[in-house]
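Structure file final06.tsv with TSV, C-alpha atoms:
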chain	number	residue	atom	x	y	z
A	389	MET	CA	152.75	163.85	114.19
A	390	SER	CA	152.26	160.74	116.33
A	391	MET	CA	152.12	157.84	113.90
A	392	SER	CA	152.50	155.21	116.60
A	393	PHE	CA	150.24	152.19	116.70
A	394	GLN	CA	151.77	150.55	119.74
A	395	ASN	CA	149.38	147.87	121.03
A	396	LYS	CA	146.74	148.81	118.45
A	397	VAL	CA	145.07	145.78	116.86
A	398	VAL	CA	144.90	146.15	113.08
A	399	ILE	CA	143.35	143.92	110.40
A	400	VAL	CA	144.72	144.28	106.86
A	401	THR	CA	142.96	142.23	104.19
A	402	GLY	CA	144.63	141.30	100.93
A	403	ALA	CA	148.00	141.60	102.66
A	404	SER	CA	149.97	139.04	100.66
A	405	SER	CA	151.22	141.55	98.07
A	406	GLY	CA	151.09	145.09	96.75
A	407	ILE	CA	149.37	147.79	98.78
A	408	GLY	CA	148.24	145.34	101.45
A	409	ARG	CA	151.77	144.05	102.01
A	410	ALA	CA	153.22	147.58	102.18
A	411	THR	CA	150.49	148.65	104.61
A	412	ALA	CA	151.02	145.67	106.90
A	413	ILE	CA	154.78	146.24	107.02
A	414	GLN	CA	154.38	149.94	107.84
A	415	PHE	CA	151.89	149.13	110.62
A	416	ALA	CA	154.35	146.57	111.99
A	417	GLU	CA	157.10	149.20	112.01
A	418	GLN	CA	154.85	151.36	114.17
A	419	GLY	CA	154.20	148.65	116.73
A	420	ALA	CA	150.75	147.40	115.70
A	421	LYS	CA	149.39	143.98	116.59
A	422	LEU	CA	148.43	142.64	113.18
A	423	THR	CA	146.01	140.24	111.58
A	424	ILE	CA	146.88	139.80	107.92
A	425	THR	CA	144.64	137.95	105.49
A	426	GLY	CA	144.80	136.68	101.93
A	427	ARG	CA	144.40	133.61	99.73
A	428	ASN	CA	148.07	132.93	98.98
A	429	GLU	CA	149.26	131.18	102.12
A	430	GLU	CA	152.92	131.03	101.13
A	431	ALA	CA	153.08	134.73	100.22
A	432	LEU	CA	151.16	135.70	103.33
A	433	HIS	CA	153.61	133.90	105.59
A	434	ARG	CA	156.49	135.69	103.84
A	435	VAL	CA	154.81	139.01	104.65
A	436	ALA	CA	154.33	137.86	108.24
A	437	GLU	CA	158.07	137.20	108.49
A	438	GLU	CA	158.82	140.66	107.09
A	439	CYS	CA	156.50	142.22	109.66
A	440	GLU	CA	158.07	140.21	112.47
A	441	SER	CA	161.53	141.41	111.47
A	442	MET	CA	160.29	144.98	111.91
A	443	SER	CA	158.59	144.58	115.28
A	444	GLU	CA	159.61	141.22	116.78
A	445	THR	CA	155.90	140.40	116.94
A	446	LYS	CA	154.55	137.95	114.39
A	447	PRO	CA	151.17	138.81	112.87
A	448	LEU	CA	148.21	136.49	113.09
A	449	VAL	CA	147.82	134.93	109.63
A	450	VAL	CA	144.27	134.12	108.50
A	451	ILE	CA	143.81	132.44	105.12
A	452	ALA	CA	140.55	133.72	103.69
A	453	GLU	CA	138.57	133.67	100.46
A	454	MET	CA	136.60	136.91	100.65
A	455	LYS	CA	133.67	135.47	98.69
A	456	GLU	CA	133.04	132.95	101.48
A	457	GLU	CA	130.94	134.28	104.35
A	458	GLN	CA	132.45	131.90	106.89
A	459	ASP	CA	135.99	132.94	105.90
A	460	VAL	CA	135.09	136.60	106.37
A	461	LYS	CA	133.53	135.87	109.76
A	462	ASN	CA	136.63	133.92	110.76
A	463	ILE	CA	138.81	137.00	110.22
A	464	ILE	CA	136.99	138.87	112.97
A	465	ASP	CA	136.53	135.85	115.25
A	466	SER	CA	140.21	134.86	115.04
A	467	THR	CA	141.37	138.42	115.69
A	468	ILE	CA	139.22	138.85	118.80
A	469	GLN	CA	140.21	135.42	120.07
A	470	GLU	CA	143.92	136.25	119.59
A	471	TYR	CA	144.00	139.87	120.79
A	472	GLY	CA	140.73	140.53	122.60
A	473	ALA	CA	140.07	143.80	120.74
A	474	LEU	CA	140.06	145.56	117.38
A	475	HIS	CA	141.12	149.16	116.72
A	476	ILE	CA	141.58	149.48	112.94
A	477	LEU	CA	140.16	147.66	109.92
A	478	VAL	CA	141.85	148.15	106.55
A	479	ASN	CA	139.74	146.75	103.70
A	480	ASN	CA	142.27	146.23	100.92
A	481	ALA	CA	141.37	142.86	99.36
A	482	ALA	CA	139.92	143.29	95.87
A	483	THR	CA	139.60	141.59	92.51
A	484	LEU	CA	139.47	142.80	88.92
A	485	GLU	CA	137.57	141.54	85.88
A	486	LEU	CA	138.27	143.18	82.53
A	487	GLY	CA	135.54	144.05	80.04
A	488	GLY	CA	132.86	146.55	79.10
A	489	ILE	CA	129.08	146.24	79.11
A	490	GLU	CA	129.04	143.84	76.13
A	491	TYR	CA	131.78	141.52	77.35
A	492	THR	CA	131.46	141.35	81.13
A	493	SER	CA	129.36	138.35	82.09
A	494	LEU	CA	127.03	138.32	85.07
A	495	GLN	CA	129.33	135.75	86.65
A	496	GLN	CA	132.26	138.18	86.36
A	497	TYR	CA	130.09	141.01	87.68
A	498	ASP	CA	129.04	138.92	90.68
A	499	ASN	CA	132.64	137.88	91.36
A	500	VAL	CA	133.79	141.50	91.49
A	501	PHE	CA	130.92	142.72	93.67
A	502	ASN	CA	131.10	139.75	96.03
A	503	VAL	CA	134.76	140.50	96.80
A	504	ASN	CA	134.94	144.28	96.41
A	505	VAL	CA	131.63	145.23	98.03
A	506	ARG	CA	129.71	142.41	99.72
A	507	ALA	CA	132.67	141.02	101.66
A	508	ILE	CA	133.63	144.49	102.88
A	509	TYR	CA	130.03	145.16	103.92
A	510	GLN	CA	130.03	141.93	105.92
A	511	LEU	CA	133.44	142.54	107.47
A	512	CYS	CA	132.49	146.08	108.56
A	513	MET	CA	129.19	144.84	109.96
A	514	LEU	CA	131.00	142.26	112.09
A	515	ALA	CA	133.77	144.67	113.10
A	516	VAL	CA	131.60	147.56	114.29
A	517	PRO	CA	130.68	146.16	117.75
A	518	HIS	CA	134.38	145.80	118.51
A	519	LEU	CA	135.35	149.17	117.02
A	520	VAL	CA	132.70	150.88	119.16
A	521	LYS	CA	134.51	149.64	122.27
A	522	THR	CA	137.87	151.05	121.13
A	523	LYS	CA	136.61	154.15	119.27
A	524	GLY	CA	138.43	152.71	116.29
A	525	ASN	CA	138.29	153.40	112.59
A	526	ILE	CA	137.98	151.86	109.14
A	527	VAL	CA	140.08	152.64	106.06
A	528	ASN	CA	138.78	151.33	102.73
A	529	ILE	CA	141.09	150.99	99.75
A	530	SER	CA	139.03	152.26	96.85
A	531	SER	CA	140.36	153.49	93.49
A	532	ILE	CA	140.64	156.54	91.28
A	533	ASN	CA	138.34	154.47	89.02
A	534	ALA	CA	135.53	155.40	91.40
A	535	MET	CA	136.09	159.08	90.58
A	536	CYS	CA	137.07	158.93	86.91
A	537	ALA	CA	135.46	156.91	84.12
A	538	TYR	CA	137.72	154.30	82.53
A	539	PRO	CA	136.77	151.88	79.73
A	540	PHE	CA	137.02	148.08	79.82
A	541	SER	CA	136.89	147.65	83.60
A	542	LEU	CA	133.21	148.43	84.11
A	543	ALA	CA	132.34	146.06	86.96
A	544	TYR	CA	135.48	147.03	88.88
A	545	ASN	CA	134.78	150.75	88.43
A	546	MET	CA	131.21	150.31	89.65
A	547	SER	CA	132.33	148.30	92.67
A	548	LYS	CA	134.76	150.99	93.76
A	549	ALA	CA	132.11	153.69	93.34
A	550	ALA	CA	129.86	151.57	95.56
A	551	LEU	CA	132.68	151.29	98.10
A	552	ASP	CA	133.07	155.07	98.21
A	553	GLN	CA	129.33	155.41	98.87
A	554	LEU	CA	129.59	152.76	101.60
A	555	THR	CA	132.42	154.79	103.12
A	556	LYS	CA	130.34	157.96	103.16
A	557	CYS	CA	127.21	156.31	104.53
A	558	MET	CA	129.09	154.49	107.28
A	559	SER	CA	130.93	157.66	108.23
A	560	ILE	CA	127.59	159.32	108.97
A	561	GLU	CA	126.09	156.35	110.79
A	562	LEU	CA	129.19	155.49	112.82
A	563	GLY	CA	130.62	158.97	113.36
A	564	TYR	CA	128.07	159.54	116.11
A	565	ARG	CA	129.52	156.44	117.80
A	566	ASN	CA	133.11	157.73	117.59
A	567	ILE	CA	134.13	155.51	114.67
A	568	ARG	CA	135.71	157.23	111.67
A	569	VAL	CA	135.46	155.75	108.16
A	570	ASN	CA	137.59	157.00	105.26
A	571	SER	CA	138.82	155.69	101.93
A	572	VAL	CA	142.01	155.96	99.92
A	573	ASN	CA	141.67	156.19	96.12
A	574	PRO	CA	144.92	155.14	94.43
A	575	GLY	CA	145.75	155.89	90.82
A	576	ILE	CA	147.97	153.57	88.82
A	577	ILE	CA	150.25	151.88	91.33
A	578	LYS	CA	153.11	149.62	90.31
A	579	THR	CA	151.89	146.28	91.68
A	580	GLU	CA	150.88	142.91	90.22
A	581	PHE	CA	147.15	143.65	90.62
A	582	LEU	CA	146.51	144.38	86.93
A	583	LYS	CA	148.33	141.22	85.87
A	584	ARG	CA	146.24	139.12	88.23
A	585	GLY	CA	143.19	140.70	86.60
A	586	GLY	CA	144.19	139.28	83.22
A	587	ILE	CA	146.48	141.89	81.66
A	588	ASN	CA	149.53	140.36	79.97
A	589	ASN	CA	153.04	141.79	80.26
A	590	THR	CA	152.83	143.68	76.95
A	591	MET	CA	149.56	145.37	77.87
A	592	TYR	CA	150.78	146.00	81.42
A	593	ASN	CA	153.80	147.90	80.08
A	594	LYS	CA	151.52	149.94	77.81
A	595	VAL	CA	149.27	150.82	80.76
A	596	MET	CA	152.30	151.93	82.75
A	597	GLU	CA	153.51	154.13	79.90
A	598	TYR	CA	150.02	155.57	79.41
A	599	GLY	CA	149.83	156.22	83.14
A	600	LYS	CA	152.93	158.40	83.01
A	601	LYS	CA	151.05	160.70	80.63
A	602	THR	CA	147.80	160.79	82.58
A	603	HIS	CA	149.28	161.22	86.06
A	604	PRO	CA	150.63	164.80	86.32
A	605	TYR	CA	153.29	163.97	88.88
A	606	ALA	CA	156.74	162.94	87.68
A	607	ARG	CA	156.30	159.22	88.31
A	608	LEU	CA	153.74	156.49	88.88
A	609	GLY	CA	152.72	155.45	92.33
A	610	GLU	CA	154.38	152.88	94.58
A	611	ALA	CA	152.61	150.71	97.14
A	612	ASP	CA	154.40	152.54	99.95
A	613	ASP	CA	152.91	155.85	98.76
A	614	VAL	CA	149.42	154.49	99.41
A	615	ALA	CA	150.37	152.75	102.65
A	616	ARG	CA	151.62	156.01	104.19
A	617	VAL	CA	148.24	157.63	103.57
A	618	VAL	CA	146.43	154.61	105.01
A	619	LEU	CA	148.44	154.92	108.22
A	620	PHE	CA	147.76	158.65	108.40
A	621	LEU	CA	144.00	158.10	108.09
A	622	ALA	CA	144.15	155.33	110.70
A	623	SER	CA	146.11	157.49	113.13
A	624	GLU	CA	145.06	160.10	115.66
A	625	ASP	CA	146.67	162.75	113.42
A	626	SER	CA	143.57	162.58	111.20
A	627	PHE	CA	141.12	162.56	114.11
A	628	PHE	CA	138.74	165.07	112.44
A	629	MET	CA	138.72	163.41	109.01
A	630	ASN	CA	135.62	161.31	108.44
A	631	GLY	CA	133.86	160.22	105.25
A	632	CYS	CA	136.77	161.36	103.06
A	633	GLN	CA	137.88	159.92	99.73
A	634	VAL	CA	141.58	160.71	99.49
A	635	PRO	CA	143.14	160.39	96.00
A	636	VAL	CA	146.71	159.08	95.96
A	637	ASP	CA	147.24	159.48	92.25
A	638	GLY	CA	149.76	162.23	91.56
A	639	GLY	CA	146.89	164.52	90.52
A	640	ARG	CA	145.20	162.20	87.99
A	641	HIS	CA	141.71	163.00	89.35
A	642	CYS	CA	142.20	166.67	88.39
A	643	LEU	CA	142.55	165.89	84.68
A	644	SER	CA	139.80	165.34	82.13
A	645	LEU	CA	141.86	162.79	80.16
Whole structure given in structure tokens:
Amino acid sequence: MSMSFQNKVVIVTGASSGIGRATAIQFAEQGAKLTITGRNEEALHRVAEECESMSETKPLVVIAEMKEEQDVKNIIDSTIQEYGALHILVNNAATLELGGIEYTSLQQYDNVFNVNVRAIYQLCMLAVPHLVKTKGNIVNISSINAMCAYPFSLAYNMSKAALDQLTKCMSIELGYRNIRVNSVNPGIIKTEFLKRGGINNTMYNKVMEYGKKTHPYARLGEADDVARVVLFLASEDSFFMNGCQVPVDGGRHCLSL
């Protein structure tokens, strides 16, 4: 395997914590030139320092609110201005709103779809002309929730299903132009994402315990588990994989629970 990204320009959105942070650090270890984005400036700069300690090259930090069109555009513009090219786009930034059909407001629905779908659509649209030049690729961070029905996170589940369909459609359209598009579908991963979505510590611990029963493997997932698959899909080792949804869930998608 040749998991080297020396001199490859990589954008990782939502890189200030969790899966995005782990992905950025692993790309840095493999020599990538990074743009990392997020809303939390302080946390993002900490990640940049971690990446620099791995590669002696400091990532470009772009503070961005994914609901803002100009912020999304600035991610691409700043990257091209800094590096002159783009090879890999990792769409990791996402948000969560809890609630079912009776308790999820249209405002919450719009918030989820603006971040989880619309912003990614815009970012891919802007990235494609640059990826065509480098024969690059896109990796979308979806969710097992796109494959399995879960209660009380309806808007989020729908947004990730939409992202999987976007992945498949783009893979067909862009495959003929030598751009691959794949997605990673994590199960329950031990990050702060659920807490930021409104789950308190007590409920978070219950979800983790429940996850141990519904994920056949012996433990729950770690951010690094997902990051390793992202790097594989972004690398030349997966050169004939296109339009794939890859579960990283310890086998959860195989169960009917």
- Selection near Leu484 of chain A, 12 Å with only C-alpha atoms, sequence-local residues under 6 positions removed, as a VMD selection string: chain A and resid 492 496 to 504 531 533 540 to 548 580 to 587
- Message: Calculated over only C-alpha atoms, which of the candidates A:Met391, A:Val397, A:Val450, A:Ile413 has the smallest distance to Gly472 of chain A?
- Response: A:Val397
- Task: Identify which of the residues A:Val618, A:Ala403, A:Val636, A:Met558 lies closest to Ile576 of chain A, counting only C-alpha atoms when measuring atom-to-atom distances.
- Result: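 Answer, going by the shortest atom-to-atom distance: A:Val636.
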- Using atom CA of Gly487 of chain A and atom CA of Val595 of chain A as the two end points, give the distance in Å to one decimal.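 Separation between atom CA of Gly487 of chain A and atom CA of Val595 of chain A: 15.3 Å.
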- Message: Rounded to one decimal, what separation in Å do you get between atom CA of Glu437 of chain A and atom CA of Glu417 of chain A?
- Response: 12.5 Å
- Task: Measure the distance from atom CA of Cys632 of chain A to atom CA of Ala420 of chain A in Å and round it to one decimal.
- Result: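 Computing it gives 23.5 Å between the two atoms.
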- Message: Nearest residue to Ala537 of chain A out of A:Ile508, A:Val478, A:Leu643, A:Ile560, using all atoms listed in the file?
- Response: A:Leu643
- Check the smallest atom-to-atom distance from each of A:Gln469, A:Asn428, A:Gln510, A:Gln553 to Lys455 of chain A using all atoms listed in the file, then report the winner.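 Going through A:Gln469, A:Asn428, A:Gln510, A:Gln553 one by one, the smallest distance to Lys455 of chain A is for A:Gln510.
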- Message: Can you pull out the residues contacting Asp612 of chain A? Cut-off 9 Å, using all atoms listed in the file, and skip same-chain residues under 4 positions away; I want them as a list in words.
- Response: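 Selected residues are Gly406, Ile407, Ala410, Thr411, Gln414, Arg616 and Val617 of chain A.
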